[in-house]
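Asker: Pasting a structure here, questions to come.
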Amino acid sequence: MRSQPLERFLKHELDGPDVPSELVDKAISLDQQIGQHEYNFRRAVRGRESIYAEVQDGSELARLLLHAIGYGMSKVFPIDVIAVSEELKKDSTSEAIAQLLSNAHATEYFSKAVRADYDNVHLVKQIPGIRVHGLCSDQLKYPRMSHCFAPSATKFYPFFCTLFVYQDRLTSSFEVFIDPSLGDLRHQLFAALSDVGLHALADKLLDAAQARVTSANPGVAQGKQLAVPTDESSVRNDNYLVLTPVPSVQMIYALDQAMEMHWGAEWRRYQYMRLGGSKPHNMGSTVTNLNTKVNGEGIVNIRPMRAYVPPLRARLYATEDQLRERSFAYSTALEINNLQALGHFREPYGNPKDFKRWVALLPAALMPVLEPIAALRDCSRFDLADTPFKFEIEKQFVCKTLPEQLLGRRASSQSLIVFGQHVASMIEARLMIYKDFAAGLGVRRKMAIARAAASLSRRLF
Amino acid sequence: MSPNPHVFGTVSMMGLACFGHAAIRLISTSIGHNLLDKGTALIVSEHNYFSGYQKPTWSKPGVMDRVVGGAAIQEYRVGTIKGCVIIRLDGTDEAIIALQRKLTQLRFDLAKLRFIGGRFFPESQDIEFFEDDPFGLKALEHLPYDARVYVDNTSLIDRYAATHQVDHLEALMKLTRLHEQDTTFVATDEATKKAKSEAEVDQEWTDQNDEALIEAELDRIEHEVEEDFDFSLLDAEEWADASEDDVLACEGWIEQYYGRLIAVDIGYRLLEDPVERPHRFSEQPHYLHAYAEPVLGLARLQIVASCRKHNTPIFWQCQQNHPYLVSSGKAP
């Protein structure tokens, strides 16, 4: 969590006494420095990761919020604080800002689309976090965030979305209004607003905050519902609990920031999944409403945690009973009867160095195994195509030199890979009955043998 | 089913547990006796993601009818999974005998199940019944040994956070990237492993004498081996099956490490105590309802052989542990 003094955050200075080293680089031009400063400011007032401002008391916070809302209104630097104060003294403006705090236009938990024309649901976490299981908003060290949806008042969003650092703790301006532990900062903020002449705004905010904190969860269940079994005898007793999943905005912001910090540019690697404004099913149109405005405020990029399961190719490895069957058949043309010769494939390796050595010796170990097939190839018999082979792939390799019309198929580059896998399977089938539990040779070994056999056969055939 | 905007890309474990429960409910109705739901396991033998951008589509009318309230849901298909689901159940002797008698018919009944948020094609000829198998070992015998099982490792988040003094979100992010760390050079000097920068580590690696020796030896062997031998398999493997010794040498607190850890949706955390709420559009009696927040957990993709060897609990079962209502891996 990077932070800088409030003065530095609000004004750009070339050289100052306490300038963070990452911002000052003599090689960066003035334009770039101004650009960086503005970038930091924009991100911090939108609730994203940036170099936050350190706030000591309510008056500093009031100043920060005035700047934030000034940016929201005008979107240009430098911000004219006088004009902002004049604008905020109007009744309509202060009413709009206070409305953003109420549940007409804001929510901490998405129950359904948060729109001005829907009956919005405001939810409060009534059960404190007793025990820890997995990860939910209880265990986050991220400030509470509220999602606002009032298309006419987007310029006032920064008033509640700004992130800053107070007493070494990252907080949001929304949290100042509702969190009981920040009560002193809240009082100072209201006092500071009154000093500037914004009494009406302070009063309305106070009322709205009170109403928000004390409101109860709605009486009629709204949103998508699931009936979830509570224990193993739910079928018999028919006791299901009906839930409405409501993801918390705090978690979405925290995950977005965490994904950005950990994956950063690598996020592009998963771009092919094109999460975009991510529409997970069963969330309905709620998530769509998160980024209806492309360049506006209150846009949160849902960047969920990516659970990447690497692709499993179709059947490189056979099931155990198939392998047992093959091991008893033994009608392959490969030479796998001599277990001494197959000893290298079972050799244990303890670390990557040994593994590299083992891999390097694989072609030598595979040669005796492939010898009969090579011998069959080299002897030119007319009736080779009629010789019965149990395995099609072996026949393909032995008869490769014969005209294609005798075989009726073409050997392609894929056949080499298939042949390699076949060799690995046969070796494993032969060795498997001598292991105490049926795990076969192991994924790594098998892949190595398959590749070695493929490249060796490419040279032989 | 993925009712969780926090994690994307894999099956929801809560959805899996509820799917198993739905299957048991269907079986119970069919045989006329009640069964106990003891959990569901998911084994994946083939898996791939669709490439390119998948347009979210509205569910077709056939699926819409079965959805709660008749409202359409958005489907966002990301890939295909081929594998098997093991449902663990318990019941009276009467119930089990009835189940075995009706197994042929159940094969067709179970094909009526639908998976919300995706297409589900069960192979009705492949439904088998195993008796007296609390760990699922008999069922696992019939599966390829390298198929991946989702095993519950949610407790690792807490342990990692406590051991490394980080918060839970950080712990989760680190755990899901654990397989990308190269554990070999870290094992050489455990005392200073945390304080090293990348440049220092590289320097140390090149300073080691035996590395030069091995390089020379490998070069010698390489010239004797065919030129087109593929050495790319010496790079980190996708499936990250690190050996036990490698991992124990650097991370002493993790006992078994066979396979990648991924974040999954495991269930919900109630925001309030359940309250009787009325139906929105009808006069039916009130029902218990609660708002709940989705919870993330951790699953390990462990291979079948490892599960068989260690008798790992592979079944996900719905549990209520106030305020959590989650599916968690349970031993019998």
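Ordering of the structure tokens sets the chain letters (A, B, ...); residue numbers start at 1 within each chain; ligands are numbered from 1 in the order shown.
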Quick one: residues within 10 Å of Asn217 of chain A, only C-alpha atoms counted, chain neighbours fewer than 2 positions away excluded, as a PyMOL selection string?
Answerer: (chain A and resi 121-126+214-215+219-221) or (chain B and resi 271-272+275+290-291)
Asker: Here is a test: counting only C-alpha atoms, which residue of B:Leu99, B:Val85, B:Leu35, B:Ile314 is nearest to chain A?
Answerer: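 Of B:Leu99, B:Val85, B:Leu35, B:Ile314, the one nearest chain A, counting only C-alpha atoms, is B:Leu35.
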Asker: Could you pull out the residues in segment 127-196 of chain A that DSSP calls strand (DSSP E) from the backbone, as an mmCIF file with N, CA and C atoms, in the first residue's frame?
Answerer:
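Saved to part_4.cif:
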data_model
loop_
_atom_site.group_PDB
_atom_site.id
_atom_site.type_symbol
_atom_site.label_atom_id
_atom_site.label_comp_id
_atom_site.auth_asym_id
_atom_site.auth_seq_id
_atom_site.Cartn_x
_atom_site.Cartn_y
_atom_site.Cartn_z
ATOM 1 N N HIS A 147 -21.505 0.454 -4.149
ATOM 2 C CA HIS A 147 -21.674 0.657 -5.581
ATOM 3 C C HIS A 147 -22.856 1.589 -5.797
ATOM 4 N N CYS A 148 -22.619 2.680 -6.501
ATOM 5 C CA CYS A 148 -23.673 3.664 -6.756
ATOM 6 C C CYS A 148 -24.195 3.481 -8.155
ATOM 7 N N LEU A 163 -10.367 6.471 -2.104
ATOM 8 C CA LEU A 163 -9.585 5.700 -1.144
ATOM 9 C C LEU A 163 -8.452 6.566 -0.609
ATOM 10 N N PHE A 164 -8.218 6.467 0.677
ATOM 11 C CA PHE A 164 -7.106 7.206 1.271
ATOM 12 C C PHE A 164 -6.610 6.439 2.481
ATOM 13 N N VAL A 165 -5.530 6.930 3.047
ATOM 14 C CA VAL A 165 -4.910 6.251 4.176
ATOM 15 C C VAL A 165 -5.090 7.099 5.427
ATOM 16 N N TYR A 166 -5.675 6.521 6.452
ATOM 17 C CA TYR A 166 -5.868 7.238 7.719
ATOM 18 C C TYR A 166 -5.326 6.367 8.834
ATOM 19 N N ARG A 169 -4.161 2.953 7.837
ATOM 20 C CA ARG A 169 -5.194 2.000 7.447
ATOM 21 C C ARG A 169 -5.844 2.518 6.178
ATOM 22 N N LEU A 170 -6.015 1.655 5.210
ATOM 23 C CA LEU A 170 -6.638 2.066 3.961
ATOM 24 C C LEU A 170 -8.144 2.121 4.160
ATOM 25 N N THR A 171 -8.730 3.278 3.911
ATOM 26 C CA THR A 171 -10.182 3.410 4.062
ATOM 27 C C THR A 171 -10.750 4.086 2.834
ATOM 28 N N SER A 172 -12.050 3.974 2.722
ATOM 29 C CA SER A 172 -12.740 4.688 1.657
ATOM 30 C C SER A 172 -13.623 5.739 2.311
#
Asker: One decimal, Å: what's the distance from atom CA of Ile87 of chain B over to atom CA of Val295 of chain B, could you say?
Answerer: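 Between atom CA of Ile87 of chain B and atom CA of Val295 of chain B the gap is 23.2 Å.
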Asker: Measuring between only C-alpha atoms, which one of B:Pro323, B:Pro274, B:Gly20, B:Pro144 shows the shortest distance to chain A?
Answerer: B:Pro144
Asker: Excluding Ser415 of chain A and residues on its chain fewer than 5 positions from it, collect all residues at most 9 Å away from it, counting only C-alpha atoms, and give them as an mmCIF file with all heavy atoms, in the first residue's frame.
Answerer:
data_model
loop_
_atom_site.group_PDB
_atom_site.id
_atom_site.type_symbol
_atom_site.label_atom_id
_atom_site.label_comp_id
_atom_site.auth_asym_id
_atom_site.auth_seq_id
_atom_site.Cartn_x
_atom_site.Cartn_y
_atom_site.Cartn_z
ATOM 1 N N ILE A 393 -1.171 -49.212 -35.140
ATOM 2 C CA ILE A 393 -0.134 -48.199 -35.252
ATOM 3 C C ILE A 393 1.212 -48.849 -35.550
ATOM 4 O O ILE A 393 2.044 -48.296 -36.271
ATOM 5 C CB ILE A 393 -0.096 -47.344 -33.955
ATOM 6 C CG1 ILE A 393 0.848 -46.176 -34.102
ATOM 7 C CG2 ILE A 393 0.306 -48.156 -32.773
ATOM 8 C CD1 ILE A 393 0.340 -45.098 -34.974
ATOM 9 N N GLN A 396 1.283 -49.666 -39.192
ATOM 10 C CA GLN A 396 1.524 -48.459 -39.966
ATOM 11 C C GLN A 396 3.009 -48.176 -40.090
ATOM 12 O O GLN A 396 3.501 -47.782 -41.136
ATOM 13 C CB GLN A 396 0.856 -47.285 -39.271
ATOM 14 C CG GLN A 396 -0.055 -46.493 -40.150
ATOM 15 C CD GLN A 396 -0.624 -45.315 -39.397
ATOM 16 O OE1 GLN A 396 0.093 -44.624 -38.694
ATOM 17 N NE2 GLN A 396 -1.904 -45.096 -39.570
ATOM 18 N N PHE A 397 3.723 -48.377 -38.996
ATOM 19 C CA PHE A 397 5.142 -48.046 -39.030
ATOM 20 C C PHE A 397 5.982 -49.099 -39.717
ATOM 21 O O PHE A 397 6.973 -48.796 -40.362
ATOM 22 C CB PHE A 397 5.649 -47.793 -37.611
ATOM 23 C CG PHE A 397 5.475 -46.373 -37.258
ATOM 24 C CD1 PHE A 397 4.274 -45.926 -36.742
ATOM 25 C CD2 PHE A 397 6.469 -45.462 -37.509
ATOM 26 C CE1 PHE A 397 4.073 -44.607 -36.464
ATOM 27 C CE2 PHE A 397 6.281 -44.130 -37.228
ATOM 28 C CZ PHE A 397 5.077 -43.695 -36.701
ATOM 29 N N GLY A 420 4.531 -42.918 -30.416
ATOM 30 C CA GLY A 420 5.276 -42.701 -29.174
ATOM 31 C C GLY A 420 4.424 -43.027 -27.958
ATOM 32 O O GLY A 420 4.859 -43.685 -27.009
ATOM 33 N N ALA A 454 8.830 -40.940 -29.926
ATOM 34 C CA ALA A 454 8.410 -40.267 -31.154
ATOM 35 C C ALA A 454 9.607 -39.724 -31.916
ATOM 36 O O ALA A 454 9.720 -39.903 -33.133
ATOM 37 C CB ALA A 454 7.418 -39.158 -30.819
#
Asker: So that I can check the surroundings of Asn311 of chain B, please list as number ranges by chain every protein, DNA and RNA residue that reaches within 10 Å of it, counting only C-alpha atoms and ignoring chain neighbours fewer than 4 positions away.
Answerer: B: 134-137, 305-307, 331
Asker: Of the candidates B:Gln320, B:Gln284, B:Gln165, B:Asn153, which shows the shortest atom-to-atom distance to chain A, using only C-alpha atoms?
Answerer: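 Closest to chain A, using only C-alpha atoms: B:Gln320.
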Asker: In Å, how far is it from atom CA of Leu185 of chain A to atom CA of Gly197 of chain A?
Answerer: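 Interatomic distance here is 18.5 Å.
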Asker: Just checking: using only C-alpha atoms, which residue out of B:Gly259, B:Gly32, B:Pro294, B:Gly79 ends up closest to chain A?
Answerer: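 For chain A, the nearest of the given residues is B:Pro294.
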Asker: Would you work out the distance separating atom CA of Pro368 of chain A from atom CA of Val443 of chain A, expressed in Å to one decimal?
Answerer: 22.8 Å
